[in-house]
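A.B. asks: File coords_38.pdb below, PDB, C-alpha atoms:
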```
ATOM      1  CA  PHE A   1       8.321  37.747 -18.079  1.00  0.00           C
ATOM      2  CA  THR A   2       9.566  36.175 -21.293  1.00  0.00           C
ATOM      3  CA  LYS A   3      13.126  35.750 -20.068  1.00  0.00           C
ATOM      4  CA  ASP A   4      11.781  33.842 -17.050  1.00  0.00           C
ATOM      5  CA  LEU A   5       9.151  31.935 -19.015  1.00  0.00           C
ATOM      6  CA  LEU A   6      11.473  30.332 -21.539  1.00  0.00           C
ATOM      7  CA  PRO A   7      13.600  28.465 -18.965  1.00  0.00           C
ATOM      8  CA  ALA A   8      10.394  27.132 -17.351  1.00  0.00           C
ATOM      9  CA  LEU A   9       9.124  25.950 -20.746  1.00  0.00           C
ATOM     10  CA  GLN A  10      12.486  24.314 -21.409  1.00  0.00           C
ATOM     11  CA  GLU A  11      12.473  22.633 -18.012  1.00  0.00           C
ATOM     12  CA  GLN A  12       9.042  21.126 -18.715  1.00  0.00           C
ATOM     13  CA  GLY A  13      10.136  19.973 -22.193  1.00  0.00           C
ATOM     14  CA  TYR A  14       7.951  22.336 -24.258  1.00  0.00           C
ATOM     15  CA  ALA A  15      10.806  24.333 -25.796  1.00  0.00           C
ATOM     16  CA  GLN A  16      14.505  23.999 -26.431  1.00  0.00           C
ATOM     17  CA  SER A  17      17.285  26.435 -27.129  1.00  0.00           C
ATOM     18  CA  ARG A  18      19.863  26.162 -29.819  1.00  0.00           C
ATOM     19  CA  THR A  19      23.042  28.186 -30.160  1.00  0.00           C
ATOM     20  CA  GLN A  20      23.649  29.416 -33.683  1.00  0.00           C
ATOM     21  CA  GLN A  21      26.490  31.361 -35.168  1.00  0.00           C
ATOM     22  CA  THR A  22      27.517  33.003 -38.362  1.00  0.00           C
ATOM     23  CA  THR A  23      30.734  34.389 -39.740  1.00  0.00           C
ATOM     24  CA  TYR A  24      31.165  37.752 -41.399  1.00  0.00           C
ATOM     25  CA  GLY A  25      33.888  40.128 -42.439  1.00  0.00           C
ATOM     26  CA  GLY A  26      35.500  37.639 -44.756  1.00  0.00           C
ATOM     27  CA  GLY A  27      35.333  34.873 -42.171  1.00  0.00           C
ATOM     28  CA  ASP A  28      37.405  36.747 -39.599  1.00  0.00           C
ATOM     29  CA  ARG A  29      34.553  37.334 -37.134  1.00  0.00           C
ATOM     30  CA  THR A  30      31.764  35.238 -35.749  1.00  0.00           C
ATOM     31  CA  LYS A  31      28.509  36.182 -34.138  1.00  0.00           C
ATOM     32  CA  ALA A  32      26.687  33.710 -31.873  1.00  0.00           C
ATOM     33  CA  TRP A  33      23.139  33.838 -30.516  1.00  0.00           C
ATOM     34  CA  SER A  34      20.554  31.615 -28.918  1.00  0.00           C
ATOM     35  CA  SER A  35      17.325  30.730 -30.647  1.00  0.00           C
ATOM     36  CA  TYR A  36      14.336  28.893 -29.231  1.00  0.00           C
ATOM     37  CA  GLU A  37      12.023  26.392 -30.845  1.00  0.00           C
ATOM     38  CA  LEU A  38       9.138  24.201 -29.807  1.00  0.00           C
ATOM     39  CA  THR A  39       9.787  20.569 -29.067  1.00  0.00           C
ATOM     40  CA  SER A  40       7.366  17.899 -30.269  1.00  0.00           C
ATOM     41  CA  LYS A  41       5.700  18.073 -26.835  1.00  0.00           C
ATOM     42  CA  GLY A  42       5.355  21.860 -27.238  1.00  0.00           C
ATOM     43  CA  ARG A  43       3.922  21.583 -30.746  1.00  0.00           C
ATOM     44  CA  GLY A  44       1.511  18.910 -29.541  1.00  0.00           C
ATOM     45  CA  ALA A  45       0.318  21.139 -26.687  1.00  0.00           C
ATOM     46  CA  ILE A  46      -0.222  24.156 -28.931  1.00  0.00           C
ATOM     47  CA  PHE A  47      -1.497  22.668 -32.159  1.00  0.00           C
ATOM     48  CA  ALA A  48      -3.581  19.725 -30.911  1.00  0.00           C
ATOM     49  CA  GLU A  49      -7.065  20.148 -32.352  1.00  0.00           C
ATOM     50  CA  ASN A  50      -9.117  18.272 -29.758  1.00  0.00           C
ATOM     51  CA  ASP A  51      -6.850  18.640 -26.739  1.00  0.00           C
ATOM     52  CA  THR A  52      -7.508  21.594 -24.456  1.00  0.00           C
ATOM     53  CA  THR A  53      -5.127  20.457 -21.720  1.00  0.00           C
ATOM     54  CA  PRO A  54      -3.508  23.518 -20.174  1.00  0.00           C
ATOM     55  CA  ILE A  55       0.244  23.917 -19.972  1.00  0.00           C
ATOM     56  CA  ILE A  56       0.898  24.074 -16.241  1.00  0.00           C
ATOM     57  CA  LEU A  57       4.113  25.780 -15.161  1.00  0.00           C
ATOM     58  CA  PRO A  58       5.318  26.849 -11.732  1.00  0.00           C
ATOM     59  CA  VAL A  59       4.545  30.472 -10.828  1.00  0.00           C
ATOM     60  CA  LEU A  60       7.505  32.574 -11.888  1.00  0.00           C
ATOM     61  CA  GLU A  61       9.291  34.706  -9.314  1.00  0.00           C
ATOM     62  CA  SER A  62       9.022  37.736 -11.602  1.00  0.00           C
ATOM     63  CA  ILE A  63       5.222  37.338 -11.648  1.00  0.00           C
ATOM     64  CA  ARG A  64       5.151  37.095  -7.850  1.00  0.00           C
ATOM     65  CA  GLU A  65       7.247  40.263  -7.590  1.00  0.00           C
ATOM     66  CA  TYR A  66       5.021  42.054 -10.114  1.00  0.00           C
ATOM     67  CA  GLU A  67       1.859  41.094  -8.207  1.00  0.00           C
ATOM     68  CA  LYS A  68       3.441  42.160  -4.911  1.00  0.00           C
ATOM     69  CA  GLU A  69       4.390  45.543  -6.401  1.00  0.00           C
ATOM     70  CA  GLN A  70       0.890  46.023  -7.838  1.00  0.00           C
ATOM     71  CA  LYS A  71      -0.675  45.226  -4.472  1.00  0.00           C
ATOM     72  CA  ARG A  72       1.649  47.721  -2.756  1.00  0.00           C
ATOM     73  CA  LYS A  73       0.715  50.437  -5.275  1.00  0.00           C
ATOM     74  CA  MET A  74      -2.988  49.701  -4.855  1.00  0.00           C
ATOM     75  CA  THR A  75      -2.718  49.896  -1.059  1.00  0.00           C
ATOM     76  CA  GLU A  76      -0.832  53.191  -1.269  1.00  0.00           C
ATOM     77  CA  SER A  77      -3.398  54.585  -3.701  1.00  0.00           C
ATOM     78  CA  LEU A  78      -6.340  53.658  -1.462  1.00  0.00           C
ATOM     79  CA  LEU A  79      -4.550  55.039   1.589  1.00  0.00           C
ATOM     80  CA  ALA A  80      -3.897  58.331  -0.240  1.00  0.00           C
ATOM     81  CA  LEU A  81      -7.590  58.556  -1.160  1.00  0.00           C
ATOM     82  CA  GLN A  82      -8.608  57.856   2.449  1.00  0.00           C
ATOM     83  CA  ASN A  83      -6.165  60.496   3.710  1.00  0.00           C
ATOM     84  CA  ALA A  84      -7.739  62.946   1.269  1.00  0.00           C
ATOM     85  CA  GLY A  85     -11.091  62.390   2.942  1.00  0.00           C
ATOM     86  CA  ILE A  86     -12.613  60.231   0.230  1.00  0.00           C
ATOM     87  CA  ASP A  87     -14.955  57.496   1.398  1.00  0.00           C
ATOM     88  CA  THR A  88     -13.438  54.352  -0.093  1.00  0.00           C
ATOM     89  CA  ALA A  89     -16.609  52.438   0.798  1.00  0.00           C
ATOM     90  CA  GLN A  90     -18.068  53.999  -2.364  1.00  0.00           C
ATOM     91  CA  ILE A  91     -15.535  52.107  -4.469  1.00  0.00           C
ATOM     92  CA  PRO A  92     -16.786  48.747  -5.788  1.00  0.00           C
ATOM     93  CA  GLN A  93     -15.002  45.733  -4.318  1.00  0.00           C
ATOM     94  CA  GLU A  94     -13.924  44.546  -7.798  1.00  0.00           C
ATOM     95  CA  GLU A  95     -12.050  47.813  -8.345  1.00  0.00           C
ATOM     96  CA  ILE A  96     -10.403  47.592  -4.941  1.00  0.00           C
ATOM     97  CA  GLU A  97      -9.249  44.049  -5.680  1.00  0.00           C
ATOM     98  CA  GLU A  98      -8.038  45.048  -9.146  1.00  0.00           C
ATOM     99  CA  GLY A  99      -6.501  48.277  -7.920  1.00  0.00           C
ATOM    100  CA  ASP A 100      -7.976  50.246 -10.789  1.00  0.00           C
ATOM    101  CA  GLY A 101     -11.271  51.169 -12.364  1.00  0.00           C
ATOM    102  CA  ILE A 102     -13.412  54.102 -13.371  1.00  0.00           C
ATOM    103  CA  ILE A 103     -14.380  55.030  -9.800  1.00  0.00           C
ATOM    104  CA  ILE A 104     -10.819  54.860  -8.461  1.00  0.00           C
ATOM    105  CA  ARG A 105      -9.524  56.873 -11.426  1.00  0.00           C
ATOM    106  CA  SER A 106     -12.215  59.531 -10.999  1.00  0.00           C
ATOM    107  CA  PHE A 107     -11.502  59.883  -7.268  1.00  0.00           C
ATOM    108  CA  ARG A 108      -7.766  60.020  -7.964  1.00  0.00           C
ATOM    109  CA  THR A 109      -8.220  62.631 -10.706  1.00  0.00           C
ATOM    110  CA  TRP A 110     -10.392  64.767  -8.432  1.00  0.00           C
ATOM    111  CA  HIS A 111      -7.924  64.501  -5.553  1.00  0.00           C
ATOM    112  CA  ASN A 112      -4.948  65.323  -7.789  1.00  0.00           C
ATOM    113  CA  TYR A 113      -6.750  68.358  -9.208  1.00  0.00           C
ATOM    114  CA  ILE A 114      -7.587  69.715  -5.746  1.00  0.00           C
ATOM    115  CA  GLU A 115      -4.010  69.080  -4.577  1.00  0.00           C
ATOM    116  CA  LEU A 116      -2.676  70.902  -7.638  1.00  0.00           C
ATOM    117  CA  LEU A 117      -4.862  73.902  -6.839  1.00  0.00           C
ATOM    118  CA  ARG A 118      -3.651  73.854  -3.228  1.00  0.00           C
ATOM    119  CA  LYS A 119      -0.030  73.584  -4.293  1.00  0.00           C
ATOM    120  CA  ASN A 120      -0.327  76.434  -6.800  1.00  0.00           C
ATOM    121  CA  GLN A 121      -2.361  78.745  -4.611  1.00  0.00           C
ATOM    122  CA  ASN A 122      -0.804  82.069  -3.795  1.00  0.00           C
ATOM    123  CA  ASP A 123      -2.902  82.532  -0.663  1.00  0.00           C
ATOM    124  CA  THR A 124      -5.243  84.668  -2.689  1.00  0.00           C
ATOM    125  CA  ASN A 125      -8.898  84.603  -1.887  1.00  0.00           C
ATOM    126  CA  ASP A 126      -9.709  83.565  -5.471  1.00  0.00           C
ATOM    127  CA  ASN A 127      -7.787  80.294  -5.178  1.00  0.00           C
ATOM    128  CA  LEU A 128      -9.063  79.569  -1.694  1.00  0.00           C
ATOM    129  CA  ASN A 129     -12.628  80.311  -2.775  1.00  0.00           C
ATOM    130  CA  ARG A 130     -12.242  78.073  -5.842  1.00  0.00           C
ATOM    131  CA  ILE A 131     -11.087  75.140  -3.699  1.00  0.00           C
ATOM    132  CA  ASP A 132     -13.937  75.706  -1.246  1.00  0.00           C
ATOM    133  CA  GLN A 133     -16.444  75.885  -4.108  1.00  0.00           C
ATOM    134  CA  LEU A 134     -15.171  72.643  -5.606  1.00  0.00           C
ATOM    135  CA  GLU A 135     -15.263  70.856  -2.243  1.00  0.00           C
ATOM    136  CA  ASP A 136     -18.815  72.126  -1.699  1.00  0.00           C
ATOM    137  CA  LEU A 137     -19.763  70.896  -5.181  1.00  0.00           C
ATOM    138  CA  ARG A 138     -18.386  67.436  -4.398  1.00  0.00           C
ATOM    139  CA  LEU A 139     -20.359  67.282  -1.153  1.00  0.00           C
ATOM    140  CA  ARG A 140     -23.562  68.306  -2.952  1.00  0.00           C
ATOM    141  CA  ILE A 141     -23.000  65.702  -5.675  1.00  0.00           C
ATOM    142  CA  ASP A 142     -22.421  63.020  -3.040  1.00  0.00           C
ATOM    143  CA  ALA A 143     -25.621  64.050  -1.225  1.00  0.00           C
ATOM    144  CA  TRP A 144     -27.571  64.005  -4.519  1.00  0.00           C
ATOM    145  CA  ARG A 145     -26.239  60.518  -5.327  1.00  0.00           C
ATOM    146  CA  MET A 146     -27.207  59.206  -1.903  1.00  0.00           C
ATOM    147  CA  ASP A 147     -30.697  60.748  -2.102  1.00  0.00           C
ATOM    148  CA  ASN A 148     -31.310  59.220  -5.518  1.00  0.00           C
ATOM    149  CA  ALA A 149     -29.966  55.866  -4.381  1.00  0.00           C
ATOM    150  CA  VAL A 150     -32.486  55.866  -1.543  1.00  0.00           C
ATOM    151  CA  LYS A 151     -35.334  56.973  -3.822  1.00  0.00           C
ATOM    152  CA  LEU A 152     -34.496  54.303  -6.388  1.00  0.00           C
ATOM    153  CA  ARG A 153     -33.800  51.733  -3.668  1.00  0.00           C
ATOM    154  CA  ILE A 154     -30.323  50.925  -4.946  1.00  0.00           C
ATOM    155  CA  SER A 155     -28.418  51.926  -1.836  1.00  0.00           C
TER     156      SER A 155
END
```
What's the structure tokens form of this structure?

C.D. replies:
Amino acid sequence: FTKDLLPALQEQGYAQSRTQQTTYGGGDRTKAWSSYELTSKGRGAIFAENDTTPIILPVLESIREYEKEQKRKMTESLLALQNAGIDTAQIPQEEIEEGDGIIIRSFRTWHNYIELLRKNQNDTNDNLNRIDQLEDLRLRIDAWRMDNAVKLRIS
């Protein structure tokens, strides 16, 4: 974001760039680079003791692209959990909006573990039984949670 942020700060008059150069190798070669510094408006906005006025800049395209990509990943993640048979209604709305959280990560970890077992199974009864046992355990835990939620009136 920094490479996109600096031009916006320059455009609003908070920062300025300066091209600098140096010579080396006995004066035969030069090296040039750009440096950035705050303008008086930028220093005033940052270092003012009693002024809490925000620096308002237009939303950068890179931030819009990042947010769009994050939303796409979150949608794919929730869809994968739904396809795995997980009830996404159990996920708090804040986590769904954020696209991450302890509940989403635990569901994702569980799903990935079961998928790994399925992928690595050799059609032996041991692996199939293990997957069935784990699925049964999950169903019993879900039932226990629901029963306790009703008893404690938090459902």

A.B. asks: Could you tell me which of A:Arg18, A:Gln121, A:Glu95, A:Leu81 comes closest to Phe107 in chain A if we count only C-alpha atoms?

C.D. replies: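 So, comparing all the options, the nearest one is A:Leu81.
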
A.B. asks: Identify which of the residues A:Asp136, A:Tyr66, A:Thr23, A:Asn112 lies closest to Ala80 in chain A, counting only C-alpha atoms when measuring atom-to-atom distances.

C.D. replies: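 Using only C-alpha atoms, the shortest distance to Ala80 in chain A belongs to A:Asn112.
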
A.B. asks: Using all atoms listed in the file, which residues sit within 7 Å of range 2-11 of chain A once same-chain residues fewer than 4 positions away are excluded, as a list in words?

C.D. replies: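 Result of the neighbour search: Ala15, Gln16, Leu57 and Leu60 of chain A.
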
A.B. asks: Can you translate the PyMOL selection byres ((chain A and resi 90) around 12) into the concrete residues it hits in this file, as a list in words?

C.D. replies: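 Expected selection for the PyMOL selection byres ((chain A and resi 90) around 12) here is Leu78, Leu81, Gln82, Ile86, Asp87, Thr88, Ala89, Ile91, Pro92, Gln93, Glu94, Glu95, Ile96, Ile102, Ile103, Ile104, Ser106, Phe107, Asp142, Arg145, Met146 and Ser155 of chain A.
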
A.B. asks: Would you write out, as a ChimeraX atom specification, every residue that the PyMOL selection byres ((chain A and resi 35) around 6) captures in this file?

C.D. replies: /A:17-18,34,36

A.B. asks: If I wrap all listed atoms of range 9-24 of chain A in a box with edges along x, y and z and add 6 Å on each side, what are its centre and edge lengths in Å to one decimal, as lines of an AutoDock Vina configuration file?

C.D. replies:
```
center_x = 19.6
center_y = 28.9
center_z = -29.7
size_x = 35.2
size_y = 29.8
size_z = 35.4
```

A.B. asks: Hey, can you check how far CA of Gly13 in chain A sits from CA of Ser40 in chain A?

C.D. replies: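 That distance, rounded to one decimal, is 8.8 Å.
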
A.B. asks: Residues near Lys71 in chain A, anyone? I mean within 9 Å using only C-alpha atoms, not counting same-chain ones fewer than 5 positions away, as an mmCIF file with C-alpha atoms, in the coordinates of the input.

C.D. replies:
```
data_model
loop_
_atom_site.group_PDB
_atom_site.id
_atom_site.type_symbol
_atom_site.label_atom_id
_atom_site.label_comp_id
_atom_site.auth_asym_id
_atom_site.auth_seq_id
_atom_site.Cartn_x
_atom_site.Cartn_y
_atom_site.Cartn_z
ATOM 1 C CA TYR A 66 5.021 42.054 -10.114
ATOM 2 C CA GLU A 76 -0.832 53.191 -1.269
ATOM 3 C CA GLU A 97 -9.249 44.049 -5.680
ATOM 4 C CA GLU A 98 -8.038 45.048 -9.146
ATOM 5 C CA GLY A 99 -6.501 48.277 -7.920
#
```

A.B. asks: So the first atom is CA of Asn148 in chain A and the second is CA of Ile131 in chain A; what is the distance between them in Å, to one decimal place?

C.D. replies: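 Pair CA of Asn148 in chain A / CA of Ile131 in chain A returns 25.8 Å.
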
A.B. asks: Closest to Ile114 in chain A among A:Lys68, A:Arg130, A:Arg140, A:Arg29, using all atoms listed in the file?

C.D. replies: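 Going through A:Lys68, A:Arg130, A:Arg140, A:Arg29 one by one, the smallest distance to Ile114 in chain A is for A:Arg130.
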
A.B. asks: Take CA of Ala143 in chain A and CA of Ser77 in chain A and report the distance between them in Å, one decimal.

C.D. replies: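 Atom-to-atom, CA of Ala143 in chain A and CA of Ser77 in chain A are spaced 24.3 Å apart.
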
A.B. asks: Taking into account only C-alpha atoms, which residue in the set A:Thr19, A:Thr109, A:Asn50, A:Asn120 is nearest to Ala32 in chain A?

C.D. replies: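 Ranked by minimum distance to Ala32 in chain A, first place goes to A:Thr19.
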
A.B. asks: So, counting all atoms listed in the file, which residue among A:Trp144, A:Ala149, A:Asp100, A:Trp110 is closest to Gln70 in chain A?

C.D. replies: A:Asp100
